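Trainee: So here's start-v2.cif (mmCIF, C-alpha atoms).
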data_data
loop_
_atom_site.label_atom_id
_atom_site.label_comp_id
_atom_site.auth_asym_id
_atom_site.auth_seq_id
_atom_site.Cartn_x
_atom_site.Cartn_y
_atom_site.Cartn_z
CA MET B 282 9.77 -14.57 10.71
CA PRO B 283 11.11 -13.71 7.28
CA ILE B 284 9.71 -11.00 5.07
CA VAL B 285 7.68 -12.85 2.44
CA ASP B 286 6.84 -12.50 -1.23
CA MET B 287 3.80 -10.22 -1.56
CA LYS B 288 2.50 -11.94 -4.69
CA ASP B 289 2.41 -15.25 -2.82
CA MET B 290 0.68 -13.62 0.16
CA LEU B 291 -2.12 -12.06 -1.89
CA GLY B 292 -2.45 -15.19 -4.01
CA HIS B 293 -3.29 -17.11 -0.85
CA ALA B 294 -5.86 -14.47 0.18
CA ARG B 295 -7.51 -14.63 -3.24
CA GLU B 296 -7.74 -18.43 -3.16
CA HIS B 297 -9.21 -18.51 0.35
CA GLY B 298 -11.58 -15.56 0.19
CA TYR B 299 -10.19 -13.03 2.65
CA ALA B 300 -8.34 -9.70 2.47
CA VAL B 301 -4.92 -8.68 3.75
CA GLY B 302 -4.68 -5.19 5.24
CA ALA B 303 -2.06 -2.77 3.90
CA PHE B 304 -1.71 -0.38 6.81
CA GLU B 305 0.05 2.93 6.25
CA VAL B 306 3.06 3.70 8.42
CA VAL B 307 3.83 7.36 9.17
CA SER B 308 5.69 7.05 12.49
CA LEU B 309 7.16 4.54 14.93
CA ASP B 310 3.90 4.59 16.93
CA PHE B 311 2.03 3.49 13.81
CA LEU B 312 4.67 0.87 12.98
CA GLU B 313 4.70 -0.70 16.43
CA GLY B 314 0.93 -0.58 16.86
CA ILE B 315 0.30 -2.21 13.47
CA VAL B 316 2.78 -5.04 14.07
CA GLN B 317 1.46 -5.66 17.59
CA ALA B 318 -2.05 -6.01 16.23
CA ALA B 319 -0.97 -8.47 13.54
CA GLU B 320 0.79 -10.62 16.11
CA ARG B 321 -2.25 -10.63 18.40
CA ALA B 322 -4.51 -11.57 15.51
CA ARG B 323 -1.98 -14.02 14.01
CA ALA B 324 -2.62 -12.35 10.67
CA PRO B 325 -0.46 -11.73 7.58
CA LEU B 326 0.43 -8.08 7.22
CA ILE B 327 1.45 -5.52 4.61
CA LEU B 328 3.33 -2.51 5.95
CA SER B 329 2.70 0.31 3.51
CA LEU B 330 4.60 3.58 3.05
CA ALA B 331 3.02 6.13 0.74
CA GLU B 332 5.01 8.75 -1.14
CA THR B 333 2.06 11.10 -0.55
CA HIS B 334 2.90 10.93 3.18
CA PHE B 335 6.60 11.74 2.83
CA PRO B 336 6.04 15.29 4.19
CA TYR B 337 5.31 13.61 7.55
CA PHE B 338 8.52 11.57 7.85
CA ASP B 339 11.96 10.91 6.40
CA PHE B 340 11.48 7.82 4.22
CA ASP B 341 15.17 6.88 4.17
CA LEU B 342 15.32 7.16 7.96
CA LEU B 343 12.11 5.25 8.69
CA MET B 344 12.61 2.37 6.25
CA PRO B 345 15.37 0.58 8.25
CA ALA B 346 13.01 0.52 11.24
CA VAL B 347 10.17 -0.83 9.07
CA GLU B 348 12.41 -3.57 7.70
CA GLU B 349 13.69 -4.48 11.16
CA ALA B 350 10.15 -4.61 12.57
CA ALA B 351 9.09 -6.85 9.67
CA MET B 352 11.95 -9.27 10.29
CA ARG B 353 11.26 -9.40 14.02
CA ALA B 354 7.52 -9.92 13.59
CA GLN B 355 6.00 -13.27 14.56
CA VAL B 356 3.74 -13.20 11.48
CA PRO B 357 4.50 -13.04 7.73
CA VAL B 358 5.02 -9.45 6.54
CA ALA B 359 5.47 -7.74 3.17
CA ILE B 360 6.51 -4.10 2.64
CA HIS B 361 4.73 -1.96 0.06
CA PHE B 362 5.74 1.34 -1.57
CA ASP B 363 2.40 3.07 -2.08
CA HIS B 364 1.23 5.88 -4.39
CA GLY B 365 4.60 6.50 -5.98
CA THR B 366 4.80 9.25 -8.57
CA SER B 367 7.41 7.90 -11.01
CA VAL B 368 9.62 4.99 -12.02
CA GLU B 369 12.46 6.72 -10.18
CA SER B 370 10.50 6.87 -6.93
CA ALA B 371 9.60 3.18 -7.31
CA ILE B 372 13.30 2.35 -7.69
CA ARG B 373 13.99 4.31 -4.52
CA GLY B 374 11.37 2.24 -2.71
CA ILE B 375 12.78 -1.03 -4.05
CA ASN B 376 16.36 -0.11 -3.18
CA ARG B 377 15.32 0.81 0.38
CA GLY B 378 13.61 -2.55 0.97
CA CYS B 379 10.04 -2.59 -0.38
CA ASN B 380 8.96 -5.78 -2.16
CA GLY B 381 5.77 -4.38 -3.67
CA VAL B 382 5.22 -1.04 -5.46
CA LEU B 383 2.41 1.12 -6.80
CA VAL B 384 3.18 4.05 -9.05
CA ASP B 385 -0.21 5.79 -9.12
CA LEU B 386 -0.92 6.87 -12.69
CA SER B 387 -4.70 6.62 -12.40
CA HIS B 388 -5.10 10.35 -13.07
CA LEU B 389 -3.71 9.86 -16.61
CA ASP B 390 -5.65 8.70 -19.64
CA PHE B 391 -5.79 4.97 -20.30
CA SER B 392 -3.06 4.90 -22.95
CA GLU B 393 -0.52 6.88 -20.93
CA ASN B 394 -1.34 5.01 -17.70
CA THR B 395 -0.79 1.72 -19.51
CA ARG B 396 2.48 2.76 -21.14
CA ARG B 397 4.06 4.14 -17.99
CA THR B 398 2.81 1.32 -15.79
CA ARG B 399 4.46 -1.13 -18.17
CA GLU B 400 7.77 0.67 -17.59
CA VAL B 401 7.32 0.23 -13.84
CA VAL B 402 6.52 -3.47 -14.28
CA GLU B 403 9.61 -4.12 -16.41
CA THR B 404 11.86 -2.43 -13.85
CA ALA B 405 10.26 -3.97 -10.76
CA HIS B 406 9.93 -7.50 -12.13
CA ALA B 407 13.64 -7.48 -12.99
CA CYS B 408 14.11 -7.04 -9.22
CA GLY B 409 11.59 -9.73 -8.25
CA VAL B 410 9.21 -7.04 -6.93
CA ALA B 411 5.43 -7.27 -7.39
CA VAL B 412 3.56 -4.36 -8.97
CA GLU B 413 0.13 -2.94 -8.21
CA GLY B 414 -1.57 -0.88 -10.90
CA GLU B 415 -4.53 1.43 -10.47
CA LEU B 416 -7.25 1.97 -13.08
CA GLY B 417 -10.13 4.37 -12.57
CA TYR B 418 -9.74 7.26 -10.16
CA VAL B 419 -10.42 7.28 -6.41
CA PRO B 420 -10.67 10.92 -5.24
CA GLY B 421 -10.53 12.47 -1.79
CA VAL B 422 -13.55 14.30 -0.43
CA GLU B 423 -12.27 16.46 2.42
CA GLY B 424 -9.18 17.43 4.39
CA GLU B 425 -5.97 15.62 3.58
CA GLY B 426 -7.68 13.23 1.15
CA ALA B 427 -9.07 16.04 -0.99
CA GLU B 428 -5.72 17.82 -1.05
CA THR B 429 -3.79 14.72 -2.08
CA PHE B 430 -6.34 13.23 -4.49
CA PRO B 431 -8.27 16.09 -6.14
CA GLY B 432 -10.80 15.55 -8.90
CA GLU B 433 -13.92 13.54 -9.61
CA LEU B 434 -14.61 9.84 -9.18
CA SER B 435 -13.98 7.71 -12.27
CA HIS B 436 -15.08 4.07 -12.17
CA THR B 437 -12.95 1.23 -13.50
CA SER B 438 -14.41 -0.20 -16.70
CA LEU B 439 -14.36 -3.94 -17.36
CA ALA B 440 -13.02 -3.64 -20.91
CA GLU B 441 -10.19 -1.33 -19.91
CA ALA B 442 -9.34 -3.49 -16.88
CA LYS B 443 -8.87 -6.57 -19.08
CA ALA B 444 -6.70 -4.67 -21.57
CA TYR B 445 -4.70 -2.94 -18.82
CA VAL B 446 -3.77 -6.16 -17.01
CA GLU B 447 -2.85 -7.89 -20.26
CA ARG B 448 -0.73 -5.03 -21.62
CA THR B 449 1.06 -4.07 -18.41
CA GLY B 450 1.67 -7.42 -16.73
CA ILE B 451 0.76 -6.04 -13.28
CA ASP B 452 0.39 -8.46 -10.37
CA PHE B 453 -2.53 -6.71 -8.58
CA LEU B 454 -5.18 -4.25 -9.73
CA ALA B 455 -6.61 -1.41 -7.62
CA VAL B 456 -10.15 -0.67 -8.80
CA SER B 457 -12.47 2.30 -8.42
CA ILE B 458 -16.05 1.28 -7.61
CA GLY B 459 -17.25 4.15 -5.42
CA THR B 460 -14.84 4.48 -2.46
CA VAL B 461 -12.94 7.71 -1.72
CA HIS B 462 -9.64 8.53 -0.09
CA GLY B 463 -9.94 9.93 3.42
CA ARG B 464 -13.23 10.27 5.28
CA MET B 465 -16.61 9.53 3.77
CA LYS B 466 -19.37 12.12 3.39
CA GLY B 467 -22.63 10.25 3.66
CA LYS B 468 -23.06 6.60 2.74
CA PRO B 469 -20.96 5.46 -0.22
CA ARG B 470 -22.68 3.76 -3.12
CA LEU B 471 -20.46 0.85 -4.07
CA ASP B 472 -20.83 -0.86 -7.44
CA TYR B 473 -20.62 -4.52 -6.41
CA ALA B 474 -21.85 -5.75 -9.80
CA ARG B 475 -18.97 -3.97 -11.54
CA LEU B 476 -16.51 -5.43 -9.03
CA LYS B 477 -17.84 -8.98 -9.54
CA GLN B 478 -17.54 -8.66 -13.33
CA ILE B 479 -13.92 -7.52 -13.01
CA ARG B 480 -13.16 -10.34 -10.57
CA ASP B 481 -14.64 -12.98 -12.88
CA ALA B 482 -12.77 -11.64 -15.91
CA LEU B 483 -9.29 -11.24 -14.42
CA ASP B 484 -6.79 -13.63 -12.88
CA VAL B 485 -5.14 -11.16 -10.48
CA PRO B 486 -5.87 -10.12 -6.88
CA LEU B 487 -7.97 -6.95 -6.59
CA VAL B 488 -7.27 -4.00 -4.30
CA ILE B 489 -9.50 -1.33 -2.81
CA HIS B 490 -8.25 2.16 -1.89
CA GLY B 491 -10.24 4.56 0.24
CA GLY B 492 -11.78 1.95 2.53
CA SER B 493 -11.94 3.97 5.74
CA GLY B 494 -15.51 4.65 6.82
CA LEU B 495 -17.13 1.63 5.18
CA SER B 496 -19.53 -0.48 7.23
CA ASP B 497 -18.76 -4.05 8.27
CA ASP B 498 -21.30 -5.34 5.76
CA GLN B 499 -19.76 -3.32 2.95
CA TYR B 500 -16.34 -4.76 3.72
CA ARG B 501 -17.74 -8.29 3.72
CA ARG B 502 -19.44 -7.75 0.35
CA LEU B 503 -16.25 -6.27 -1.14
CA ILE B 504 -14.25 -9.33 -0.06
CA ALA B 505 -16.98 -11.71 -1.26
CA ASN B 506 -16.71 -10.08 -4.68
CA GLY B 507 -12.96 -10.37 -5.03
CA ILE B 508 -11.11 -7.74 -2.96
CA THR B 509 -7.96 -9.29 -1.44
CA LYS B 510 -5.98 -6.20 -0.34
CA ILE B 511 -7.46 -3.26 1.55
CA ASN B 512 -5.48 -0.06 2.10
CA CYS B 513 -6.07 1.61 5.46
CA TYR B 514 -4.79 4.91 6.83
CA SER B 515 -7.51 7.43 7.74
CA ALA B 516 -9.13 5.19 10.34
CA LEU B 517 -5.76 4.72 12.03
CA ALA B 518 -4.98 8.43 11.89
CA ASP B 519 -8.38 9.20 13.44
CA ALA B 520 -7.85 6.65 16.22
CA ALA B 521 -4.44 8.17 17.03
CA ALA B 522 -5.79 11.74 16.94
CA ASN B 523 -8.76 10.89 19.14
CA ARG B 524 -6.49 9.40 21.79
CA LEU B 525 -4.28 12.50 21.66
CA ARG B 526 -7.30 14.76 22.16
CA GLN B 527 -8.49 12.69 25.13
CA ASN B 528 -5.04 12.88 26.74
CA LEU B 529 -4.75 16.61 26.22
CA ALA B 530 -8.25 17.21 27.59
CA ARG B 531 -7.38 15.35 30.80
CA GLN B 532 -4.16 17.18 31.52
CA LYS B 533 -3.86 20.94 31.86
CA LYS B 534 -0.11 20.63 32.04
CA GLY B 535 1.93 17.72 30.85
CA SER B 536 4.73 16.43 28.71
CA TRP B 537 4.95 14.67 25.38
CA PRO B 538 4.89 11.15 26.90
CA GLY B 539 1.61 11.98 28.61
CA ALA B 540 0.14 13.39 25.41
CA VAL B 541 0.93 10.29 23.33
CA ASN B 542 0.18 7.75 26.05
CA GLY B 543 -1.99 5.00 24.57
CA VAL B 544 -1.73 6.19 20.95
CA ARG B 545 0.05 3.02 19.89
CA GLU B 546 -2.61 0.86 21.52
CA ALA B 547 -5.42 2.87 19.90
CA ILE B 548 -3.84 2.20 16.49
CA ALA B 549 -3.39 -1.48 17.35
CA GLU B 550 -7.04 -1.86 18.36
CA GLU B 551 -8.28 -0.51 15.03
CA VAL B 552 -5.84 -2.64 13.03
CA GLU B 553 -6.82 -5.81 14.91
CA ARG B 554 -10.52 -5.03 14.41
CA CYS B 555 -9.95 -4.74 10.66
CA MET B 556 -7.90 -7.91 10.43
CA ARG B 557 -10.59 -9.94 12.17
CA LEU B 558 -13.37 -8.38 10.09
CA TRP B 559 -11.51 -8.97 6.83
CA GLY B 560 -10.85 -12.66 7.57
CA ALA B 561 -7.06 -12.49 7.88
CA ALA B 562 -6.91 -13.38 11.59
CA GLY B 563 -5.47 -16.80 12.31
CA ARG B 564 -4.00 -17.17 8.80
CA ALA B 565 -0.34 -16.47 9.63
CA ALA B 566 0.89 -20.07 9.75
CA GLU B 567 -0.74 -21.18 6.50
CA VAL B 568 0.41 -18.01 4.71
CA LEU B 569 3.96 -18.56 5.90
CA ALA B 570 3.87 -22.14 4.63
CA ARG B 571 2.66 -20.93 1.23
CA CYS B 572 4.97 -17.92 0.73
CA ARG B 573 8.53 -17.75 -0.47
CA ALA B 574 10.86 -15.93 1.88
CA TRP B 575 12.11 -12.57 0.65
CA THR B 576 15.85 -13.12 1.06
CA PRO B 577 18.49 -10.71 -0.26
CA VAL B 578 21.56 -11.86 -2.19
CA GLU B 579 25.13 -10.83 -1.43
CA HIS B 580 27.40 -10.31 -4.46
CA LEU B 581 31.00 -10.51 -3.25
CA ILE B 582 34.17 -9.75 -5.22
CA ILE B 583 37.68 -9.97 -3.81
CA TYR B 584 40.47 -8.78 -6.07
CA ASN B 585 43.91 -7.35 -6.59
CA VAL B 586 44.90 -4.46 -8.80
CA ASP B 587 47.35 -5.53 -11.51
CA LYS B 588 49.31 -2.27 -11.54
CA PRO B 589 48.77 -0.45 -8.23
CA ASP B 590 50.94 2.47 -9.26
CA MET B 591 48.80 3.10 -12.35
CA VAL B 592 45.32 3.40 -10.81
CA ASP B 593 43.67 5.33 -8.00
CA VAL B 594 41.80 2.46 -6.32
CA GLN B 595 39.96 4.68 -3.85
CA ALA B 596 38.65 6.92 -6.64
CA MET B 597 37.46 3.86 -8.57
CA MET B 598 35.69 2.53 -5.48
CA GLU B 599 34.01 5.86 -4.82
CA GLU B 600 32.76 6.03 -8.40
CA GLY B 601 31.53 2.45 -8.18
CA ARG B 602 29.58 3.08 -5.00
CA ARG B 603 27.85 6.05 -6.62
CA VAL B 604 27.10 4.39 -9.97
CA LEU B 605 26.19 0.89 -8.84
CA SER B 606 24.01 1.89 -5.88
CA ALA B 607 21.59 3.63 -8.28
CA ILE B 608 20.86 0.42 -10.22
CA PRO B 609 17.36 -0.98 -9.52
CA GLY B 610 17.44 -3.74 -6.91
CA VAL B 611 20.79 -2.75 -5.38
CA ARG B 612 20.28 -2.30 -1.65
CA GLU B 613 23.83 -1.36 -0.70
CA VAL B 614 27.38 -1.14 -2.09
CA ILE B 615 30.29 -1.58 0.32
CA THR B 616 33.96 -1.40 -0.63
CA GLY B 617 36.95 -2.24 1.52
CA GLU B 618 40.64 -2.94 1.83
CA ALA B 619 42.29 -5.84 3.65
CA VAL B 620 43.48 -5.24 7.20
CA GLN B 621 46.41 -7.65 6.89
CA THR B 622 49.25 -6.33 4.73
CA ASP B 623 50.09 -9.85 3.52
CA ALA B 624 46.52 -10.81 2.50
CA SER B 625 46.18 -12.86 -0.70
CA TYR B 626 43.54 -10.43 -1.94
CA ARG B 627 43.80 -6.74 -1.18
CA TYR B 628 40.40 -5.25 -2.07
CA THR B 629 36.73 -6.18 -1.88
CA TRP B 630 33.28 -5.22 -3.14
CA LEU B 631 30.11 -6.31 -1.38
CA VAL B 632 26.96 -5.50 -3.34
CA ARG B 633 23.64 -6.41 -1.71
CA PHE B 634 20.77 -7.30 -4.07
CA CYS B 635 17.15 -7.29 -2.92
CA HIS B 636 16.29 -10.55 -4.74
CA PRO B 637 18.01 -13.31 -6.77
CA ARG B 638 16.53 -11.92 -10.00
CA VAL B 639 18.77 -8.89 -9.63
CA ILE B 640 21.82 -11.07 -10.32
CA ASP B 641 20.93 -11.08 -14.02
CA SER B 642 19.41 -7.60 -14.31
CA TYR B 643 22.41 -6.06 -12.52
CA ARG B 644 24.89 -7.89 -14.73
CA GLU B 645 23.16 -6.60 -17.87
CA HIS B 646 22.39 -3.08 -16.66
CA PRO B 647 24.14 -0.44 -18.83
CA ALA B 648 25.55 1.41 -15.81
CA HIS B 649 27.18 -1.77 -14.49
CA VAL B 650 28.45 -2.86 -17.90
CA ALA B 651 30.06 0.54 -18.53
CA PHE B 652 31.71 0.75 -15.11
CA ALA B 653 32.93 -2.84 -15.16
CA ASN B 654 34.36 -2.67 -18.69
CA GLN B 655 35.87 0.79 -18.49
CA ARG B 656 37.01 1.16 -14.88
CA PHE B 657 37.14 -2.16 -13.06
CA ARG B 658 38.03 -5.13 -15.26
CA PRO B 659 40.98 -3.47 -17.04
CA VAL B 660 42.87 -3.18 -13.73
CA ALA B 661 41.43 -6.04 -11.62
CA GLY B 662 42.50 -9.13 -13.52
CA ASN B 663 43.08 -11.25 -10.43
CA ARG B 664 39.65 -11.59 -8.81
CA ILE B 665 37.09 -14.01 -7.39
CA SER B 666 33.33 -13.42 -7.25
CA ILE B 667 30.40 -15.27 -5.70
CA ASP B 668 26.66 -14.68 -5.21
CA TYR B 669 25.26 -16.12 -1.98
CA GLN B 670 22.34 -15.94 0.41
CA THR B 671 22.71 -15.87 4.17
#
Would you mind writing the file's structure down as structure tokens?

Mentor:
Amino acid sequence: MPIVDMKDMLGHAREHGYAVGAFEVVSLDFLEGIVQAAERARAPLILSLAETHFPYFDFDLLMPAVEEAAMRAQVPVAIHFDHGTSVESAIRGINRGCNGVLVDLSHLDFSENTRRTREVVETAHACGVAVEGELGYVPGVEGEGAETFPGELSHTSLAEAKAYVERTGIDFLAVSIGTVHGRMKGKPRLDYARLKQIRDALDVPLVIHGGSGLSDDQYRRLIANGITKINCYSALADAAANRLRQNLARQKKGSWPGAVNGVREAIAEEVERCMRLWGAAGRAAEVLARCRAWTPVEHLIIYNVDKPDMVDVQAMMEEGRRVLSAIPGVREVITGEAVQTDASYRYTWLVRFCHPRVIDSYREHPAHVAFANQRFRPVAGNRISIDYQT
């Protein structure tokens, strides 16, 4: 099935009163287990990759596998760049294939969070990418969560939530109502009344971070009061670690395959349990019918150089690959030369955009304008260009 528009996916969840799981990927075992669970449950799925987890894996190396798994999946999938630290990191996520982003600025004061989130929105929306904003602060309480998200809990206020959504233009809002990142200590006290007020006042899907450790009833009440996206990592990490410990306890000597045997299935079992609890199971077909496919655009130029003896074509191509590939929404820049010596056109550019909106934002981007006007157009008068989708 195609990768689908995340805004459409969460819009459907909001209208029909269920939540889509955004499950964090940190390895191929996680990726395969998560997708297997979604297919068994026939549930829509968000594959999430958090910048806070980059010490565990090479993002640029893992993303092609994530994208391939999403395209092979038998259920609708979106890919989310989670807990980014800057506009630049969001662009990296977009250019590698994510169609939703969160730059987590919740630790900043309201004014600075709003200003910088607006910058993210302007950049991402020009690429057709949905943006999640976070208001209020969700801390960690122990272990990895406490190290990654230090500080005290700060609840989302209704007044600030309304102003934040209006001023930033975000597509989804992550709220703080009493959850914590990582594992819970004791029973969390969730502010359902605050959540309901925010839901009633805003016209955007709401997101909860720090959901691991909540009871089934707490999840149901969160969804009943407006939560439509639930981030999940710690419960999956615990399921994987528990299976590893069981394997190691059973074998005095053994190899890596024996140690990780069943880890993927343990992850899948927890993911499927969540999907069924959160009401997403069985929704794949209707979500697919509702969502727009996330289809990249190919920008193709074939051309000749007017005065071949006056320009170093290879140097121009190398500069173009470097400059143009850094523009938001550009997935890939490929240059080439004709194999046949008698070809009507000698050279080519193939620039892959993540979304049709990038056609306009790329054309107007200062880096493209400068390169095209100063390096390319003066020597490539004889050219043909076309934008197409496969």

Trainee: What lies within 9 Å of stretch 370-381 of chain B using all atoms listed in the file, ignoring chain neighbours under 5 positions off, as a PyMOL selection string?

Mentor: chain B and resi 284-288+329-330+332+340-341+344-345+347-348+359-363+365+401+404-405+408-413+575+606-613+634-635

Trainee: Write out the residues from the selection above, keeping C-alpha atoms, as a short mmCIF file (atom, residue, chain, number, x, y, z; two decimals), in the coordinates of the input.

Mentor:
data_model
loop_
_atom_site.label_atom_id
_atom_site.label_comp_id
_atom_site.auth_asym_id
_atom_site.auth_seq_id
_atom_site.Cartn_x
_atom_site.Cartn_y
_atom_site.Cartn_z
CA ILE B 284 9.71 -11.00 5.07
CA VAL B 285 7.68 -12.85 2.44
CA ASP B 286 6.84 -12.50 -1.23
CA MET B 287 3.80 -10.22 -1.56
CA LYS B 288 2.50 -11.94 -4.69
CA SER B 329 2.70 0.31 3.51
CA LEU B 330 4.60 3.58 3.05
CA GLU B 332 5.01 8.75 -1.14
CA PHE B 340 11.48 7.82 4.22
CA ASP B 341 15.17 6.88 4.17
CA MET B 344 12.61 2.37 6.25
CA PRO B 345 15.37 0.58 8.25
CA VAL B 347 10.17 -0.83 9.07
CA GLU B 348 12.41 -3.57 7.70
CA ALA B 359 5.47 -7.74 3.17
CA ILE B 360 6.51 -4.10 2.64
CA HIS B 361 4.73 -1.96 0.06
CA PHE B 362 5.74 1.34 -1.57
CA ASP B 363 2.40 3.07 -2.08
CA GLY B 365 4.60 6.50 -5.98
CA VAL B 401 7.32 0.23 -13.84
CA THR B 404 11.86 -2.43 -13.85
CA ALA B 405 10.26 -3.97 -10.76
CA CYS B 408 14.11 -7.04 -9.22
CA GLY B 409 11.59 -9.73 -8.25
CA VAL B 410 9.21 -7.04 -6.93
CA ALA B 411 5.43 -7.27 -7.39
CA VAL B 412 3.56 -4.36 -8.97
CA GLU B 413 0.13 -2.94 -8.21
CA TRP B 575 12.11 -12.57 0.65
CA SER B 606 24.01 1.89 -5.88
CA ALA B 607 21.59 3.63 -8.28
CA ILE B 608 20.86 0.42 -10.22
CA PRO B 609 17.36 -0.98 -9.52
CA GLY B 610 17.44 -3.74 -6.91
CA VAL B 611 20.79 -2.75 -5.38
CA ARG B 612 20.28 -2.30 -1.65
CA GLU B 613 23.83 -1.36 -0.70
CA PHE B 634 20.77 -7.30 -4.07
CA CYS B 635 17.15 -7.29 -2.92
#

Trainee: Using only C-alpha atoms, which residues sit within 9 Å of stretch 562-569 of chain B once same-chain residues fewer than 6 positions away are excluded, as a list in words?

Mentor: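 Contacts, in chain order: Met282, Pro283, Val285, Asp289, Met290, His293, Ala294, Ala319, Glu320, Arg321, Ala322, Arg323, Ala324, Pro325, Leu326, Gln355, Val356, Pro357, Glu553 and Met556 of chain B.
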
Trainee: For the provided coordinates, the residues matched by the PyMOL selection byres ((chain B and resi 665) around 9) should be stated as a PyMOL selection string.

Mentor: chain B and resi 581-584+663-664+666-667

Trainee: Kindly indicate which residue among B:Ala661, B:Leu312, B:Ala442, B:Ile479 lies nearest to B:Asn585, using all atoms listed in the file for the distances.

Mentor: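 Looking at the shortest contact to B:Asn585, the residue is B:Ala661.
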
Trainee: Do you have the atom CA of B:Glu349-atom CA of B:Ala318 distance handy?

Mentor: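 So the answer is 16.6 Å.
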
Trainee: Which value, in Å to one decimal, gives the distance between atom CA of B:Leu631 and atom CA of B:Met597?

Mentor: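 Here the two named atoms are 14.5 Å from each other.
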
Trainee: From the list B:Val578, B:Asn528, B:Arg399, B:Ile615, which residue is nearest B:Thr671 when using all atoms listed in the file?

Mentor: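 The answer is B:Val578, which sits nearest to B:Thr671.
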
Trainee: Using only C-alpha atoms, can you tell me which of B:Val639, B:Ala570, B:Val660, B:Met352 comes closest to B:Val592?

Mentor: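 Ranking B:Val639, B:Ala570, B:Val660, B:Met352 by distance to B:Val592, first place goes to B:Val660.
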
Trainee: Around the point (-6.3, -11.0, -1.5) in the file's coordinates, collect all residues with an atom within 10 Å, using all atoms listed in the file, and return them as a JSON list (two decimals) with C-alpha atoms, keeping the file's coordinate frame.

Mentor:
[["chain", "number", "residue", "atom", "x", "y", "z"],
["B", 288, "LYS", "CA", 2.50, -11.94, -4.69],
["B", 289, "ASP", "CA", 2.41, -15.25, -2.82],
["B", 290, "MET", "CA", 0.68, -13.62, 0.16],
["B", 291, "LEU", "CA", -2.12, -12.06, -1.89],
["B", 292, "GLY", "CA", -2.45, -15.19, -4.01],
["B", 293, "HIS", "CA", -3.29, -17.11, -0.85],
["B", 294, "ALA", "CA", -5.86, -14.47, 0.18],
["B", 295, "ARG", "CA", -7.51, -14.63, -3.24],
["B", 296, "GLU", "CA", -7.74, -18.43, -3.16],
["B", 297, "HIS", "CA", -9.21, -18.51, 0.35],
["B", 298, "GLY", "CA", -11.58, -15.56, 0.19],
["B", 299, "TYR", "CA", -10.19, -13.03, 2.65],
["B", 300, "ALA", "CA", -8.34, -9.70, 2.47],
["B", 301, "VAL", "CA", -4.92, -8.68, 3.75],
["B", 302, "GLY", "CA", -4.68, -5.19, 5.24],
["B", 453, "PHE", "CA", -2.53, -6.71, -8.58],
["B", 485, "VAL", "CA", -5.14, -11.16, -10.48],
["B", 486, "PRO", "CA", -5.87, -10.12, -6.88],
["B", 487, "LEU", "CA", -7.97, -6.95, -6.59],
["B", 488, "VAL", "CA", -7.27, -4.00, -4.30],
["B", 504, "ILE", "CA", -14.25, -9.33, -0.06],
["B", 507, "GLY", "CA", -12.96, -10.37, -5.03],
["B", 508, "ILE", "CA", -11.11, -7.74, -2.96],
["B", 509, "THR", "CA", -7.96, -9.29, -1.44],
["B", 510, "LYS", "CA", -5.98, -6.20, -0.34],
["B", 511, "ILE", "CA", -7.46, -3.26, 1.55],
["B", 561, "ALA", "CA", -7.06, -12.49, 7.88]]

Trainee: What's the separation between atom CA of B:Asp668 and atom CA of B:Arg633, in Å to one decimal place?

Mentor: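 Separation between atom CA of B:Asp668 and atom CA of B:Arg633: 9.5 Å.
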